[in-house]
Amino acid sequence: MIFDVIIAGCGPTGAMLAAELRLHDVRVLVLEKETEPVSFVRIVGLHIRSLELMAMRGLLERIREHGRQRPAGAYFAAIDKPAPAGLDSAYAYLLGIPQPVIVRLLEEHAIGLGAQVRRGAAVAGLEPDDEGVTVELADGERLRSRYLVGCDGARSTVRKLLGVGFPGEPARNDTLMGEMEVGVPPEQIATKMTEIGAIHRPFWLRPMGAGSYSVVVPAAGVSDRAEPPTLADFQQQLRAVTGTDFGVHSPRWLSRFGDATRLAERYRVGRVLLAGDAAHIHPPIGGQGLNLGVQDAFNLGWKLAAQVRGWAPDTLLDTYQAERHPVAADVLDNTRAQAELLSPEPGPRAVRRLLTALMDFDQVNRYLIEQVTAIGIRYDLGEGPDLLGRRLPDIAVKPGRLYDLLHRGRGLLLDRTERLTAARWSDRVDHLSDPTAALDAPAVLLRPDGHVAWIGDDQHDLDAHLTRWFGKPS
Ligand SMILES: Cc1cc2nc3c(=O)[nH]c(=O)nc-3n(C[C@H](O)[C@H](O)[C@H](O)COP(=O)(O)OP(=O)(O)OC[C@H]3O[C@@H](n4cnc5c(N)ncnc54)[C@H](O)[C@@H]3O)c2cc1C
């Protein structure tokens, strides 16, 4: 057995997962079907929780250099309200960044930690057994690993091979998106943008520099989703929607996306797991898909590593589905709601006006932004104070910032009592004794994903929770 984990797909989810596994010395191979990285310069927004994850692994500075900071608010159904004051995060903004750049940075991070990435290697078959999984590539080569994770996107081969159901709603609308040159002056484009934009269709032509424009226009009925769109499709649809094709020519890239909403029935079948778009898809409203996938990877990474390293408690790996499936179901629901709020019909427009007014109430605005930015997530870890199961923000601690102590992906006992110990788990859990920590509790046990697994001041209770999350002491 050469690999502990094979990951199908080197998108943002696969790259993040590979890096998380490498923090624990897991032997990882990422198989990516494309020979070259994707060139679609789609700008995506990293929301607060994802920025926090990047900070937790010491990546944020590097990523921030390539992005543009924008205000955190106004992403729920594009309702133009600023974020409420005092959002509880040191990273309360949105970072706009081209998707290929974030993928490259995460892939470099994973490779830097020792992950292997093979391009031009499409997973085409899998055979799980009691000891591992045999993975077959499209060219017939067979590889072996102990676990396989399908991070292979919306049309996931792994999900289909597993026979996992993907119920939900099919796409009702498709949109063409690409980058190309135009043959008309900018003033003509600006006039049409004002005219057509006013009737709420997904339509724009935006200058990208060097004579190139980003073009978005509704697609006609799509007969074969596997077939990429052509320049002729763009010309035809621009004419149909605006009356002119703006003389578009010389495309850099052309793509199409739909508004299907689906959630995998299961995230795990034995030794094979699913994460990211392979497990859930929804329209890109609110900019949550990549964030959700990267956060899946962050939740799964340390648990799968624990399983491979042999210290995982029996139920640990199953908490991945138990925690992340409901989170994805909530995101799907909020995108369904946002889609309705963007409808041009009179009923939804009235609801939009009502919600816009309600968002003047701080609690309403805060609730919605905490959903979209994922800082409101509380995993169900049983009875306990409100903080249990939530993330801890990047609070000030004696050596500096809390997140600087989480770069290695280990657990952390943050202890204001100065009398607790996690010494018997010291190969998995760090201990910071700091009576001055800006923490509203005597002590907390943090998981490697920064969520609070225990709150208290009793050593016996702490030992039980260390065992629950980090296995038997060594
Ligand atoms: C227009 C648009 C705007 C968006 N904006 C945002 C945004 O602002 N914020 C946000 O969070 N999200 C956004 N998204 C969503 C985001 O792009 C996706 O959710 C994200 O790419 C999912 O990442 P992933 O790694 O799970 O899957 P993907 O990015 O799809 O990566 C899957 C990878 O697997 C590879 N692969 C596929 N099949 C195989 C196989 N058989 N073997 C090996 N490799 C395989 C693919 O080549 C690909 O590299 C947007 C999406 C669209 C369409």
# chains A, B, ... in the order shown; residues from 1 in each chain; ligands from 1

$ select_by_dssp --residues "range 293-466 of chain A" --states "helix (DSSP H, G or I)" --output "NGL selection string"
:A and (293-309 or 318-341 or 346-358 or 362-372 or 402-406 or 423-425 or 459-466)

$ residues_around --residues "Ala464 in chain A" --least-positions-apart "3" --cutoff "12 Å" --atoms "only C-alpha atoms" --output "PyMOL selection string"
chain A and resi 313+422+425+445+453-454+456+458-461+467-473

$ write_last_selection --atoms "N, CA, C and O atoms" --output "compact mmCIF listing (two decimals), in the first residue's frame"
# COMPACT_ATOMS: atom_id res chain seq x y z
N PRO A 313 -10.89 7.85 17.68
CA PRO A 313 -11.95 7.11 18.34
C PRO A 313 -12.90 6.54 17.28
O PRO A 313 -13.00 7.09 16.17
N ALA A 422 -2.99 18.37 29.56
CA ALA A 422 -3.32 17.45 28.47
C ALA A 422 -2.05 16.68 28.11
O ALA A 422 -1.88 16.21 26.98
N TRP A 425 -1.76 13.49 26.10
CA TRP A 425 -2.12 13.58 24.66
C TRP A 425 -1.16 14.52 23.93
O TRP A 425 -1.48 15.05 22.89
N LEU A 445 -11.25 23.25 25.11
CA LEU A 445 -10.48 22.34 24.28
C LEU A 445 -10.88 22.62 22.83
O LEU A 445 -12.06 22.53 22.47
N ALA A 453 -14.56 21.96 21.56
CA ALA A 453 -15.02 20.59 21.83
C ALA A 453 -15.34 20.38 23.31
O ALA A 453 -15.95 19.36 23.67
N TRP A 454 -14.92 21.30 24.14
CA TRP A 454 -15.17 21.16 25.58
C TRP A 454 -14.97 22.52 26.26
O TRP A 454 -14.11 23.30 25.84
N GLY A 456 -14.82 24.04 30.42
CA GLY A 456 -14.96 23.68 31.83
C GLY A 456 -13.70 23.93 32.62
O GLY A 456 -12.78 24.63 32.17
N ASP A 458 -12.77 21.08 35.01
CA ASP A 458 -12.62 19.82 35.75
C ASP A 458 -11.74 18.85 34.96
O ASP A 458 -12.04 18.53 33.80
N GLN A 459 -10.67 18.37 35.58
CA GLN A 459 -9.69 17.54 34.87
C GLN A 459 -10.29 16.20 34.41
O GLN A 459 -10.01 15.74 33.30
N HIS A 460 -11.16 15.59 35.23
CA HIS A 460 -11.76 14.29 34.82
C HIS A 460 -12.62 14.47 33.58
O HIS A 460 -12.58 13.67 32.65
N ASP A 461 -13.41 15.55 33.62
CA ASP A 461 -14.29 15.84 32.49
C ASP A 461 -13.44 16.12 31.23
O ASP A 461 -13.74 15.65 30.13
N THR A 467 -10.36 12.08 25.34
CA THR A 467 -10.49 10.72 24.82
C THR A 467 -11.54 10.67 23.71
O THR A 467 -11.36 10.00 22.69
N ARG A 468 -12.65 11.41 23.93
CA ARG A 468 -13.73 11.40 22.93
C ARG A 468 -13.22 11.92 21.57
O ARG A 468 -13.58 11.40 20.53
N TRP A 469 -12.39 12.97 21.60
CA TRP A 469 -11.98 13.58 20.33
C TRP A 469 -10.60 13.14 19.85
O TRP A 469 -10.33 13.15 18.65
N PHE A 470 -9.72 12.80 20.80
CA PHE A 470 -8.33 12.52 20.40
C PHE A 470 -7.90 11.09 20.74
O PHE A 470 -6.73 10.76 20.63
N GLY A 471 -8.84 10.27 21.13
CA GLY A 471 -8.54 8.86 21.36
C GLY A 471 -7.85 8.62 22.69
O GLY A 471 -7.71 9.51 23.52
N LYS A 472 -7.43 7.35 22.86
CA LYS A 472 -6.80 6.97 24.12
C LYS A 472 -5.44 7.67 24.24
O LYS A 472 -4.77 7.87 23.23
N PRO A 473 -5.02 8.00 25.47
CA PRO A 473 -3.70 8.63 25.61
C PRO A 473 -2.61 7.67 25.18
O PRO A 473 -2.77 6.45 25.27

$ atom_distance --atom1 "CA of Ala171 in chain A" --atom2 "CA of Arg256 in chain A"
11.9 Å

$ atom_distance --atom1 "CA of Arg410 in chain A" --atom2 "CA of Val372 in chain A"
27.0 Å

$ closest_residue --among "A:Pro385, A:Gly73, A:Gly289, A:Gly409" --to "ligand 1" --atoms "only C-alpha atoms and all ligand atoms"
A:Gly289

$ select_by_dssp --residues "range 296-419 of chain A" --states "strand (DSSP E)" --output "list in words"
Ala396, Val397, Gly400, Arg401, Gly411, Leu412, Leu413, Leu414 and Asp415 of chain A

$ closest_atom_pairs --of "range 411-460 of chain A" --to "range 389-407 of chain A" --cutoff "12 Å" --atoms "only C-alpha atoms" --output "Markdown table"
| residue | atom | partner | partner_atom | distance |
| --- | --- | --- | --- | --- |
| A:Gly411 | CA | A:Leu406 | CA | 7.7 |
| A:Leu412 | CA | A:Leu406 | CA | 7.6 |
| A:Leu413 | CA | A:Leu405 | CA | 10.8 |
| A:Leu414 | CA | A:Leu402 | CA | 9.1 |
| A:Asp415 | CA | A:Val397 | CA | 10.5 |
| A:Arg416 | CA | A:Val397 | CA | 10.3 |
| A:Arg428 | CA | A:Leu406 | CA | 11.7 |
| A:Val429 | CA | A:Leu406 | CA | 10.2 |
| A:Asp430 | CA | A:Leu405 | CA | 8.6 |
| A:His431 | CA | A:Leu405 | CA | 9.8 |
| A:Leu432 | CA | A:Lys398 | CA | 8.7 |
| A:Ser433 | CA | A:Lys398 | CA | 8.8 |
| A:Asp434 | CA | A:Lys398 | CA | 6.3 |
| A:Pro435 | CA | A:Lys398 | CA | 8.7 |
| A:Thr436 | CA | A:Lys398 | CA | 7.0 |
| A:Ala437 | CA | A:Val397 | CA | 4.7 |
| A:Ala438 | CA | A:Ala396 | CA | 5.9 |
| A:Leu439 | CA | A:Ile395 | CA | 7.7 |
| A:Asp440 | CA | A:Leu392 | CA | 10.8 |
| A:Ala441 | CA | A:Leu392 | CA | 11.6 |
| A:Val444 | CA | A:Leu392 | CA | 9.5 |
| A:Leu445 | CA | A:Leu392 | CA | 10.4 |
| A:Leu446 | CA | A:Leu392 | CA | 8.1 |
| A:Arg447 | CA | A:Arg391 | CA | 9.4 |
| A:Pro448 | CA | A:Leu406 | CA | 7.0 |
| A:Asp449 | CA | A:Arg391 | CA | 8.2 |
| A:Gly450 | CA | A:Arg391 | CA | 5.6 |
| A:His451 | CA | A:Arg391 | CA | 4.2 |
| A:Val452 | CA | A:Gly389 | CA | 5.1 |
| A:Ala453 | CA | A:Gly389 | CA | 6.0 |
| A:Trp454 | CA | A:Gly389 | CA | 8.2 |
| A:Ile455 | CA | A:Gly389 | CA | 10.0 |

$ closest_residue --among "A:Arg118, A:Arg262, A:Arg146, A:Arg155" --to "Glu32 in chain A" --atoms "only C-alpha atoms"
A:Arg118

$ closest_residue --among "A:Val5, A:Leu113, A:Ala312, A:Val351" --to "Arg57 in chain A" --atoms "only C-alpha atoms"
A:Leu113

$ residues_around --residues "Gln99 in chain A" --least-positions-apart "2" --cutoff "6 Å" --atoms "only C-alpha atoms" --output "PyMOL selection string"
chain A and resi 42-44+101-102

$ closest_residue --among "A:Ala240, A:Met208, A:Ile48, A:Ala337" --to "ligand 1" --atoms "only C-alpha atoms and all ligand atoms"
A:Ile48

$ residues_around --residues "Glu265 in chain A" --least-positions-apart "2" --cutoff "8 Å" --atoms "only C-alpha atoms" --output "list of chain:residue names"
A:Val164, A:Gly165, A:Phe166, A:Pro167, A:Leu263, A:Tyr267

$ write_last_selection --atoms "C-alpha atoms" --output "PDB file, in the first residue's frame"
ATOM      1  CA  VAL A 164     -24.758   7.662  -3.830  1.00  0.00           C
ATOM      2  CA  GLY A 165     -28.001   9.496  -4.580  1.00  0.00           C
ATOM      3  CA  PHE A 166     -27.844  13.209  -5.388  1.00  0.00           C
ATOM      4  CA  PRO A 167     -31.424  14.374  -4.900  1.00  0.00           C
ATOM      5  CA  LEU A 263     -27.132  17.304  -1.863  1.00  0.00           C
ATOM      6  CA  TYR A 267     -20.793  11.669   2.522  1.00  0.00           C
TER       7      TYR A 267
END

$ closest_residue --among "A:Asp25, A:Glu36, A:Glu52, A:Asp4" --to "ligand 1" --atoms "only C-alpha atoms and all ligand atoms"
A:Glu36

$ atom_distance --atom1 "CA of Val123 in chain A" --atom2 "CA of Ile7 in chain A"
9.5 Å
